[in-house]
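Content type TSV, C-alpha atoms, from the file my_file_24.tsv:
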```tsv
chain	number	residue	atom	x	y	z
A	1	MET	CA	86.06	132.19	32.60
A	2	LYS	CA	89.62	133.54	32.51
A	3	LYS	CA	88.59	136.43	34.74
A	4	THR	CA	87.01	134.04	37.29
A	5	VAL	CA	90.20	131.92	37.46
A	6	ILE	CA	92.35	135.03	38.03
A	7	VAL	CA	90.01	136.25	40.78
A	8	LEU	CA	90.09	132.79	42.46
A	9	ILE	CA	93.90	132.68	42.31
A	10	CYS	CA	94.17	136.17	43.78
A	11	ALA	CA	91.72	135.24	46.55
A	12	ALA	CA	93.71	132.09	47.35
A	13	VAL	CA	96.98	134.04	47.53
A	14	LEU	CA	95.37	136.66	49.76
A	15	CYS	CA	93.89	133.97	52.02
A	16	ALA	CA	97.24	132.18	52.31
A	17	GLY	CA	98.92	135.46	53.22
A	18	MET	CA	96.37	136.11	55.94
A	19	CYS	CA	96.89	132.59	57.35
A	20	PHE	CA	100.65	133.14	57.45
A	21	SER	CA	100.14	136.41	59.33
A	22	ALA	CA	97.69	134.87	61.77
A	23	CYS	CA	100.07	132.01	62.52
A	24	GLY	CA	102.96	134.37	63.17
A	25	ALA	CA	105.04	133.12	60.24
A	26	GLY	CA	107.22	135.74	58.70
A	27	GLY	CA	106.91	138.10	61.68
A	28	GLU	CA	110.05	139.44	63.30
A	29	VAL	CA	110.66	138.13	66.81
A	30	SER	CA	112.54	140.39	69.23
A	31	THR	CA	112.55	140.77	72.98
A	32	ASP	CA	112.61	144.05	74.87
A	33	HIS	CA	116.35	144.69	75.10
A	34	ILE	CA	118.91	147.39	74.29
A	35	LEU	CA	120.31	145.21	71.49
A	36	ALA	CA	116.87	145.13	69.84
A	37	ASP	CA	116.61	148.90	70.24
A	38	MET	CA	120.02	149.39	68.62
A	39	TYR	CA	119.02	147.09	65.74
A	40	ASN	CA	115.65	148.80	65.26
A	41	GLU	CA	117.33	152.23	65.23
A	42	GLY	CA	119.72	151.05	62.50
A	43	LYS	CA	122.80	151.32	64.71
A	44	PHE	CA	123.44	147.56	64.54
A	45	THR	CA	123.00	145.37	61.48
A	46	ARG	CA	121.62	141.84	61.46
A	47	ASN	CA	125.20	140.59	60.95
A	48	ASP	CA	126.26	142.58	64.03
A	49	ILE	CA	123.53	140.80	66.01
A	50	LYS	CA	124.68	137.43	64.63
A	51	ASN	CA	128.25	138.24	65.62
A	52	ILE	CA	127.22	139.23	69.15
A	53	ALA	CA	125.16	136.02	69.41
A	54	ALA	CA	128.09	133.89	68.24
A	55	LEU	CA	130.45	135.52	70.75
A	56	MET	CA	127.92	135.50	73.59
A	57	SER	CA	126.33	132.07	73.25
A	58	GLY	CA	128.78	130.25	71.01
A	59	ARG	CA	126.37	129.82	68.11
A	60	VAL	CA	123.84	131.61	65.95
A	61	SER	CA	120.31	130.24	66.17
A	62	VAL	CA	117.22	131.36	64.28
A	63	VAL	CA	113.93	131.64	66.15
A	64	GLY	CA	110.74	130.97	64.20
A	65	SER	CA	108.21	132.40	66.64
A	66	ALA	CA	107.99	133.93	70.10
A	67	ASP	CA	106.48	130.77	71.61
A	68	GLN	CA	108.93	128.34	69.99
A	69	SER	CA	110.85	126.06	72.34
A	70	THR	CA	114.57	126.80	72.63
A	71	ASP	CA	115.16	123.15	71.69
A	72	ASP	CA	113.65	123.91	68.27
A	73	TYR	CA	115.85	126.89	67.38
A	74	VAL	CA	117.71	126.28	64.12
A	75	VAL	CA	121.48	126.67	64.38
A	76	ILE	CA	122.96	128.30	61.28
A	77	PRO	CA	126.61	128.41	60.25
A	78	PHE	CA	128.33	131.68	61.10
A	79	THR	CA	131.98	132.51	61.64
A	80	PRO	CA	132.21	135.42	64.07
A	81	LYS	CA	134.55	138.36	63.72
A	82	THR	CA	136.87	138.49	66.70
A	83	PHE	CA	138.06	141.64	68.40
A	84	ASP	CA	141.11	142.78	70.31
A	85	PRO	CA	140.48	142.91	74.07
A	86	LEU	CA	138.38	145.76	75.43
A	87	PRO	CA	140.72	148.75	75.91
A	88	GLU	CA	141.45	149.32	79.61
A	89	GLU	CA	140.51	153.02	79.44
A	90	ILE	CA	137.08	152.12	77.95
A	91	LYS	CA	136.58	149.41	80.59
A	92	ALA	CA	137.43	151.96	83.31
A	93	ASP	CA	134.96	154.48	81.81
A	94	ILE	CA	132.19	151.84	81.72
A	95	GLU	CA	132.88	150.82	85.32
A	96	ARG	CA	132.98	154.45	86.51
A	97	GLU	CA	129.67	155.25	84.81
A	98	PHE	CA	128.03	152.01	85.98
A	99	ARG	CA	129.07	152.76	89.56
A	100	ALA	CA	127.70	156.32	89.32
A	101	GLU	CA	124.40	155.17	87.78
A	102	ASN	CA	123.88	152.42	90.33
A	103	GLU	CA	124.76	154.05	93.63
A	104	GLU	CA	121.03	153.87	94.31
A	105	TYR	CA	120.25	150.86	92.10
A	106	ASP	CA	117.28	149.66	94.07
A	107	ASP	CA	115.87	150.68	97.43
A	108	ALA	CA	115.94	147.06	98.56
A	109	HIS	CA	119.25	145.92	97.10
A	110	ALA	CA	122.55	147.76	96.85
A	111	ILE	CA	125.18	146.52	94.41
A	112	LEU	CA	127.99	145.03	96.48
A	113	SER	CA	130.40	144.37	93.62
A	114	PHE	CA	130.43	144.28	89.85
A	115	GLU	CA	132.77	143.68	86.95
A	116	VAL	CA	132.85	143.88	83.18
A	117	ASP	CA	133.22	140.17	82.50
A	118	GLY	CA	132.31	139.90	78.83
A	119	TYR	CA	133.19	141.84	75.72
A	120	PHE	CA	131.31	141.14	72.51
A	121	GLY	CA	132.87	143.72	70.23
A	122	LYS	CA	132.68	147.27	68.98
A	123	TYR	CA	130.10	148.04	66.31
A	124	GLY	CA	130.43	151.55	64.92
A	125	ASP	CA	130.82	153.75	67.99
A	126	TYR	CA	129.25	151.21	70.35
A	127	TYR	CA	130.90	148.66	72.64
A	128	VAL	CA	128.81	145.66	73.74
A	129	VAL	CA	129.74	144.27	77.16
A	130	HIS	CA	128.33	142.12	79.92
A	131	ILE	CA	128.48	143.43	83.48
A	132	SER	CA	127.92	140.93	86.26
A	133	TYR	CA	127.11	142.09	89.77
A	134	GLU	CA	126.22	140.91	93.23
A	135	LEU	CA	123.25	142.47	95.01
A	136	GLU	CA	122.95	142.92	98.75
A	137	ASP	CA	120.36	140.79	100.57
A	138	LEU	CA	119.18	138.97	97.46
A	139	ALA	CA	117.16	135.99	98.66
A	140	ALA	CA	115.36	135.06	95.43
A	141	PRO	CA	117.18	133.21	92.66
A	142	ALA	CA	118.03	135.13	89.51
A	143	VAL	CA	115.40	135.15	86.79
A	144	CYS	CA	116.82	134.66	83.30
A	145	ASP	CA	115.30	136.11	80.15
A	146	LEU	CA	115.96	135.28	76.52
A	147	ILE	CA	117.58	137.91	74.33
A	148	ILE	CA	116.20	137.62	70.80
A	149	VAL	CA	116.80	140.24	68.11
A	150	SER	CA	115.41	139.99	64.59
A	151	ASN	CA	114.73	136.26	65.00
A	152	ILE	CA	118.30	135.64	66.24
A	153	PHE	CA	118.75	134.07	69.67
A	154	VAL	CA	121.55	136.12	71.24
A	155	GLY	CA	121.69	134.50	74.67
A	156	TYR	CA	120.33	134.80	78.18
A	157	GLU	CA	120.37	137.69	80.61
A	158	CYS	CA	119.81	136.94	84.29
A	159	ARG	CA	118.27	139.83	86.15
A	160	ASP	CA	119.71	140.38	89.61
A	161	GLY	CA	123.01	138.95	88.45
A	162	GLY	CA	124.16	140.90	85.43
A	163	GLU	CA	123.22	142.54	82.19
A	164	VAL	CA	124.37	143.20	78.67
A	165	VAL	CA	124.88	146.91	78.07
A	166	VAL	CA	125.95	149.04	75.15
A	167	TYR	CA	128.47	151.79	75.77
A	168	SER	CA	129.37	154.80	73.66
A	169	GLU	CA	132.00	157.35	74.58
A	170	ASN	CA	129.51	160.07	73.51
A	171	GLU	CA	126.31	158.62	74.98
A	172	GLY	CA	127.55	156.60	77.97
A	173	ILE	CA	125.87	153.36	79.04
A	174	LEU	CA	122.72	152.46	77.14
A	175	ARG	CA	120.26	149.98	78.60
```

Write the structure described by the file as structure tokens, please.
Amino acid sequence: MKKTVIVLICAAVLCAGMCFSACGAGGEVSTDHILADMYNEGKFTRNDIKNIAALMSGRVSVVGSADQSTDDYVVIPFTPKTFDPLPEEIKADIEREFRAENEEYDDAHAILSFEVDGYFGKYGDYYVVHISYELEDLAAPAVCDLIIVSNIFVGYECRDGGEVVVYSENEGILR
């Protein structure tokens, strides 16, 4: 009798675990983005991602699943670490490399102008910045994507209008 009860309890726990997995609960939600790559490679911590989110979007929100509505994200308390302004020599290096990489950005659209217009801190050897740009002959409106890393909503990135990049003095711009 005791053995039967233990087997039934184990079966129930296993079944509940399978249901959780099938429903997506407990799974890590991330979008395809350099910030997710940096996190997955261990170069950024979850607190780094929270800090970037707080500086970029003004809050830290937890995402429960990939198909969850943005209205249902849960805002959690987080006090971000602030940074001194981006050093001018680093900004100049980023702009020089961005210009060199994007001289032939797209056969259809040349970059007319760009600027580093956001700085979200230095984490280890890596600077996180936003570069906005204007593309030549862009008729379609910008398409915006969510940036989610380890269930943390970081913000939005609008293609054909700007991007968040990571810069290292040793590795250059990472996308």

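Closest approach to Ser30 in chain A from the set A:Asn102, A:Ser132, A:Ser168, A:Ser150 is made by A:Ser150, with distances taken over only C-alpha atoms.
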
In terms of all atoms listed in the file, the residue from A:Leu135, A:Gly162, A:Tyr126, A:Val60 at minimal distance from Arg46 in chain A is A:Val60

| Between CA of Val63 in chain A and CA of Lys81 in chain A, what is the distance, to one decimal in Å? |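 Going from CA of Val63 in chain A over to CA of Lys81 in chain A, I get 21.8 Å.
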
Mind dumping a table of every range 112-163 of chain A residue within 12 Å of range 88-93 of chain A, with the nearest atom pair and its distance in Å to one decimal, using all atoms listed in the file, sorted by chain and rising number, as CSV?
```
residue,atom,partner,partner_atom,distance
A:Glu115,CA,A:Lys91,CA,9.4
A:Val116,CA,A:Lys91,CA,7.2
A:Asp117,CA,A:Lys91,CA,10.0
A:Gly118,CA,A:Lys91,CA,10.6
A:Tyr119,CA,A:Lys91,CA,9.6
A:Lys122,CA,A:Ile90,CA,11.1
A:Asp125,CA,A:Ile90,CA,11.9
A:Tyr126,CA,A:Ile90,CA,10.9
A:Tyr127,CA,A:Ile90,CA,8.9
A:Val128,CA,A:Lys91,CA,11.0
A:Val129,CA,A:Lys91,CA,9.2
A:His130,CA,A:Lys91,CA,11.0
A:Ile131,CA,A:Lys91,CA,10.5
```

Could you turn the residues from that selection into a file that holds C-alpha atoms, as a compact mmCIF listing (two decimals), keeping the file's coordinate frame?
```
# COMPACT_ATOMS: atom_id res chain seq x y z
CA GLU A 115 132.77 143.68 86.95
CA VAL A 116 132.85 143.88 83.18
CA ASP A 117 133.22 140.17 82.50
CA GLY A 118 132.31 139.90 78.83
CA TYR A 119 133.19 141.84 75.72
CA LYS A 122 132.68 147.27 68.98
CA ASP A 125 130.82 153.75 67.99
CA TYR A 126 129.25 151.21 70.35
CA TYR A 127 130.90 148.66 72.64
CA VAL A 128 128.81 145.66 73.74
CA VAL A 129 129.74 144.27 77.16
CA HIS A 130 128.33 142.12 79.92
CA ILE A 131 128.48 143.43 83.48
```

Here CA of Glu157 in chain A and CA of Ser57 in chain A stand apart by 11.0 Å

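Distance annotation: of A:Gly121, A:Glu169, A:Cys144, A:Glu41, the residue with the minimal separation from Leu86 in chain A is A:Gly121; atom set is only C-alpha atoms.
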
Find the residue from A:Ile94, A:Met56, A:Val149, A:Ile76 that sits nearest to Phe44 in chain A; use all atoms listed in the file when measuring.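 For Phe44 in chain A, the nearest of the given residues is A:Val149.
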
Find, counting all atoms listed in the file, the residue in A:Asp67, A:Val143, A:Cys158, A:Ile148 that gets nearest to Ile34 in chain A.
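Of all the options, A:Ile148 lies closest to Ile34 in chain A.
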
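Atom pair CA of Val29 in chain A / CA of Thr82 in chain A: separated by 26.2 Å.
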
Centre and size of axis-aligned box enclosing range 160-175 of chain A plus 5 Å each side, as JSON:
```
{"center_x": 125.9, "center_y": 149.5, "center_z": 81.6, "size_x": 22.3, "size_y": 31.1, "size_z": 26.1}
```

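When all atoms listed in the file are used to measure the gap to Arg99 in chain A, the shortest distance among A:Tyr133, A:Asn40, A:Gln68, A:Val74 belongs to A:Tyr133.
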